[in-house]
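Engineer: Have a look at this one before I ask anything.
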Amino acid sequence: MGELLAQVIPLALGAAVSPLLFFGAIAVMTGPRPLRRGGAYALGAALPLLAVTALALALGSALSLPEASDAVKGWSDIAFGVLLIALGVRAARRHPEPRPKSPDANAPGGSLTRTVATGAGLMASNVTSFALYLPAMKLIGESTIDAAEKAVAVAVTIAIALGLVLVPLAIVAVAPRASGRVLAAAGAWLQAHRRRLALIICFGLGAYLVVHGLARVG
């Protein structure tokens with residue numbers, strides 16, 4: 001399982017870099033009832049990942065069948081890699097954008113249900129995250145490890161992909177008084193570097209997937 005985790009963890013880390021999802025977490029966790037709302041927001045963010053997980057594991061399981069050749073597996077990796085590189089080109093051509101405005105889950109009349117929906121909506125809008133998360137889950141699905149090890153690998157991947165939600169939630173739980181200041185500082189840093197991070201992730205991991213796929217095809 002160690003070799004598999006070495007492949008999926010970098011993809012999961014790339015999928016975790018979602019400025020909009022993080023800014024939404026800041027809005028939720030610096031308002032009233034931050035721990036409860038943060039938990040609801042994390043649940044919402046997890047729902048699209050769980051849905052995609054089922055799809056990707058089914059795809060990976062199909063590719064693990066004997067009739068699925070290495071060439072088929074390789075071309076699927078190449079397709080995801082090309083998609084990421086295309087997203088990187090789009091990001092490079094864009095002018096720097098101001099900090100995105102996240103939906104206000106703490107507005108009057110807001111509820112935990114609304115906060116769950118906010119987390120789900122913001123996660124579902126992350127094309128780059130899913131372009132990395134899908135191949136990570138596909139690798140798990142097509143691996144030959146047993147079901148228990150696959151479950152562990154899936155849990156690790158989901159936890160990492162939700163890092164920008166779970167880490168702030170942990171900070172709120174452990175240090176509620178300092179959490180507002182810490183999250184604000186982290187948000188400012190991410191805002192300043194988010195374009196550069198997007199380029200590194202898209203081009204770096206996109207090239208990795210293309211090379212990995214070409215090795216399988218060859």
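To be explicit about the labels: the chains of the structure tokens are called A, B, and onward in the order shown, and within each one the residues are counted from 1, while ligands get numbers from 1 in the order they are shown.
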Can you pull out every residue within 12 Å of range 195-198 of chain A, counting only C-alpha atoms, but drop anything in the same chain fewer than 6 positions away, and send it as an NGL selection string?

Structural biologist: :A and (13-19 or 84-99 or 126-129 or 132 or 189 or 204-206)

Engineer: Could you list, as a VMD selection string, every residue within 8 Å of range 41-45 of chain A, counting only C-alpha atoms and ignoring same-chain residues fewer than 2 positions away?

Structural biologist: chain A and resid 25 28 37 to 39 47 to 49 115 to 124 162 165 to 166

Engineer: Just want the 9 Å neighbourhood of Ala184 in chain A, counted on only C-alpha atoms, with same-chain residues fewer than 5 positions away dropped. Output as a list of chain:residue names.

Structural biologist: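 Close residues of Ala184 in chain A: A:Ile26, A:Thr30, A:Ser179, A:Trp189.
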
Engineer: Tell me which of A:Ala51, A:Val82, A:Ala40, A:Ile158 sits closest to Gly213 in chain A, counting only C-alpha atoms.

Structural biologist: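 With only C-alpha atoms as the atom set, the closest residue is A:Val82.
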
Engineer: Given only C-alpha atoms as the basis, pick out the residue of A:Glu149, A:Gly2, A:Leu164, A:Lys138 nearest to Gly74 in chain A.

Structural biologist: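 Among the listed residues, the smallest separation from Gly74 in chain A belongs to A:Lys138.
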
Engineer: If we count only C-alpha atoms, what is near Trp75 in chain A at a cut-off of 8 Å, once residues fewer than 2 positions away on the same chain are taken out, given as a PyMOL selection string?

Structural biologist: chain A and resi 71-73+77-79+213-214+217

Engineer: Quick one: write out the picked residues with C-alpha atoms as a PDB file, in the first residue's frame?

Structural biologist:
ATOM      1  CA  ALA A  71      -2.472   0.967 -22.727  1.00  0.00           C
ATOM      2  CA  VAL A  72      -6.068   1.724 -21.686  1.00  0.00           C
ATOM      3  CA  LYS A  73      -4.922   2.635 -18.177  1.00  0.00           C
ATOM      4  CA  ASP A  77      -3.838   8.941 -17.118  1.00  0.00           C
ATOM      5  CA  ILE A  78      -2.763  10.943 -20.166  1.00  0.00           C
ATOM      6  CA  ALA A  79      -6.291  12.328 -20.567  1.00  0.00           C
ATOM      7  CA  GLY A 213       0.527   7.391 -18.726  1.00  0.00           C
ATOM      8  CA  LEU A 214       3.109   7.322 -21.520  1.00  0.00           C
ATOM      9  CA  VAL A 217       1.302   2.932 -22.987  1.00  0.00           C
TER      10      VAL A 217
END

Engineer: Please identify all polymer residues within 10 Å of Val156 in chain A, counting only C-alpha atoms, omitting same-chain residues fewer than 3 positions from it, and present them as a VMD selection string.

Structural biologist: chain A and resid 5 8 to 9 12 150 to 153 159 to 162

Engineer: Between CA of Arg33 in chain A and CA of Leu183 in chain A, what distance in Å does the model show, to one decimal?

Structural biologist: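 These two atoms are separated by 15.7 Å.
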
Engineer: Tell me which of A:Met29, A:Ala186, A:Ala155, A:Leu169 sits closest to Ile140 in chain A, counting only C-alpha atoms.

Structural biologist: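 Residue with the minimum atom-to-atom distance to Ile140 in chain A: A:Ala155.
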
Engineer: Using DSSP on the backbone coordinates, identify all residues within range 3-181 of chain A classified as helix (DSSP H, G or I); present the result as a PyMOL selection string.

Structural biologist: chain A and resi 3-16+19-29+34-63+70-93+112-124+127-142+147-161+163-174+176-181

Engineer: How would the residues just picked look written out with C-alpha atoms as a compact mmCIF listing (two decimals), in the first residue's frame?

Structural biologist:
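Result file is again13.txt:
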# COMPACT_ATOMS: atom_id res chain seq x y z
CA GLU A 3 3.68 2.54 -3.18
CA LEU A 4 0.04 3.36 -3.88
CA LEU A 5 -0.03 6.11 -1.24
CA ALA A 6 3.14 7.58 -2.72
CA GLN A 7 1.21 8.00 -5.97
CA VAL A 8 -2.12 9.25 -4.63
CA ILE A 9 -0.97 11.60 -1.85
CA PRO A 10 0.58 14.20 -4.22
CA LEU A 11 -2.65 14.18 -6.23
CA ALA A 12 -4.71 14.56 -3.05
CA LEU A 13 -2.53 17.47 -1.89
CA GLY A 14 -3.07 19.18 -5.22
CA ALA A 15 -6.81 18.59 -4.98
CA ALA A 16 -6.81 20.16 -1.51
CA PRO A 19 -8.94 28.95 -2.37
CA LEU A 20 -12.70 29.39 -2.74
CA LEU A 21 -13.42 26.42 -0.46
CA PHE A 22 -10.96 27.79 2.11
CA PHE A 23 -12.40 31.29 2.01
CA GLY A 24 -15.82 29.74 2.55
CA ALA A 25 -14.43 27.89 5.57
CA ILE A 26 -13.08 31.16 6.97
CA ALA A 27 -16.48 32.83 6.54
CA VAL A 28 -18.22 29.96 8.32
CA MET A 29 -15.71 29.43 11.11
CA PRO A 34 -18.07 28.18 14.39
CA LEU A 35 -17.58 24.57 15.49
CA ARG A 36 -21.10 23.41 14.61
CA ARG A 37 -21.18 25.36 11.37
CA GLY A 38 -17.67 24.21 10.54
CA GLY A 39 -18.71 20.59 10.99
CA ALA A 40 -21.75 21.13 8.75
CA TYR A 41 -19.57 22.84 6.14
CA ALA A 42 -17.07 19.95 6.21
CA LEU A 43 -19.91 17.45 5.78
CA GLY A 44 -21.20 19.38 2.78
CA ALA A 45 -17.74 19.57 1.21
CA ALA A 46 -17.35 15.80 1.65
CA LEU A 47 -20.57 14.91 -0.18
CA PRO A 48 -19.37 15.65 -3.77
CA LEU A 49 -16.11 13.82 -3.01
CA LEU A 50 -18.01 10.76 -1.82
CA ALA A 51 -20.13 10.75 -4.97
CA VAL A 52 -17.08 11.06 -7.20
CA THR A 53 -15.30 8.41 -5.13
CA ALA A 54 -17.94 5.83 -6.00
CA LEU A 55 -17.68 6.68 -9.70
CA ALA A 56 -13.88 6.70 -9.78
CA LEU A 57 -13.54 3.45 -7.83
CA ALA A 58 -15.95 1.80 -10.26
CA LEU A 59 -13.83 3.08 -13.16
CA GLY A 60 -10.66 1.91 -11.47
CA SER A 61 -12.16 -1.51 -10.73
CA ALA A 62 -13.11 -1.87 -14.39
CA LEU A 63 -9.57 -1.02 -15.41
CA ASP A 70 -1.94 -1.16 -19.62
CA ALA A 71 -2.47 0.97 -22.73
CA VAL A 72 -6.07 1.72 -21.69
CA LYS A 73 -4.92 2.63 -18.18
CA GLY A 74 -2.14 4.76 -19.61
CA TRP A 75 -4.40 6.70 -21.97
CA SER A 76 -6.77 7.48 -19.10
CA ASP A 77 -3.84 8.94 -17.12
CA ILE A 78 -2.76 10.94 -20.17
CA ALA A 79 -6.29 12.33 -20.57
CA PHE A 80 -6.35 13.58 -16.97
CA GLY A 81 -2.85 15.03 -17.37
CA VAL A 82 -3.77 16.91 -20.53
CA LEU A 83 -6.87 18.28 -18.80
CA LEU A 84 -4.73 19.61 -15.94
CA ILE A 85 -2.22 21.20 -18.32
CA ALA A 86 -5.11 22.85 -20.18
CA LEU A 87 -6.41 24.22 -16.86
CA GLY A 88 -2.89 25.51 -16.15
CA VAL A 89 -2.76 27.30 -19.51
CA ARG A 90 -6.13 28.89 -18.76
CA ALA A 91 -4.90 30.01 -15.33
CA ALA A 92 -1.70 31.45 -16.84
CA ARG A 93 -3.66 33.54 -19.35
CA LEU A 112 -26.85 24.21 9.34
CA THR A 113 -28.63 22.81 6.28
CA ARG A 114 -27.70 25.91 4.34
CA THR A 115 -24.12 25.59 5.54
CA VAL A 116 -24.00 21.97 4.34
CA ALA A 117 -25.31 23.13 0.95
CA THR A 118 -22.68 25.88 0.83
CA GLY A 119 -19.86 23.42 1.43
CA ALA A 120 -21.23 21.02 -1.18
CA GLY A 121 -21.64 23.79 -3.75
CA LEU A 122 -18.17 25.22 -3.29
CA MET A 123 -16.53 21.80 -3.45
CA ALA A 124 -18.54 20.80 -6.54
CA VAL A 127 -12.80 21.62 -11.56
CA THR A 128 -9.07 21.51 -10.81
CA SER A 129 -9.58 19.62 -7.58
CA PHE A 130 -11.67 16.95 -9.26
CA ALA A 131 -9.21 16.69 -12.15
CA LEU A 132 -6.68 15.57 -9.52
CA TYR A 133 -9.01 13.68 -7.21
CA LEU A 134 -10.46 11.44 -9.94
CA PRO A 135 -7.12 9.95 -11.05
CA ALA A 136 -6.14 9.43 -7.41
CA MET A 137 -9.28 7.38 -6.81
CA LYS A 138 -8.84 5.58 -10.14
CA LEU A 139 -5.38 4.48 -9.03
CA ILE A 140 -6.87 3.10 -5.81
CA GLY A 141 -9.65 1.33 -7.68
CA GLU A 142 -7.32 -0.38 -10.15
CA ALA A 147 -10.49 -4.14 0.33
CA ALA A 148 -9.37 -3.05 3.82
CA GLU A 149 -6.23 -1.38 2.46
CA LYS A 150 -8.26 0.30 -0.27
CA ALA A 151 -10.61 1.67 2.39
CA VAL A 152 -7.64 3.13 4.27
CA ALA A 153 -6.23 4.66 1.07
CA VAL A 154 -9.62 6.18 0.25
CA ALA A 155 -9.98 7.64 3.75
CA VAL A 156 -6.48 9.15 3.62
CA THR A 157 -7.12 10.66 0.19
CA ILE A 158 -10.45 12.19 1.21
CA ALA A 159 -8.98 13.60 4.44
CA ILE A 160 -6.12 15.24 2.55
CA ALA A 161 -8.42 16.59 -0.19
CA GLY A 163 -7.45 19.58 4.30
CA LEU A 164 -8.37 23.26 3.85
CA VAL A 165 -11.63 22.54 5.64
CA LEU A 166 -10.55 20.00 8.26
CA VAL A 167 -7.43 21.88 9.41
CA PRO A 168 -9.35 25.12 10.12
CA LEU A 169 -12.01 23.04 11.89
CA ALA A 170 -9.31 21.48 14.08
CA ILE A 171 -7.89 24.94 14.84
CA VAL A 172 -11.34 26.18 15.89
CA ALA A 173 -11.79 23.12 18.12
CA VAL A 174 -8.36 23.35 19.77
CA PRO A 176 -11.16 28.90 19.45
CA ARG A 177 -9.90 32.29 20.67
CA ALA A 178 -6.90 32.41 18.34
CA SER A 179 -8.59 30.73 15.39
CA GLY A 180 -9.94 33.93 13.84
CA ARG A 181 -6.51 35.53 13.68

Engineer: In Å, rounded to a single decimal, give me how far CA of Leu190 in chain A is from CA of Phe203 in chain A.

Structural biologist: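 Separation of CA of Phe203 in chain A and CA of Leu190 in chain A: 18.6 Å.
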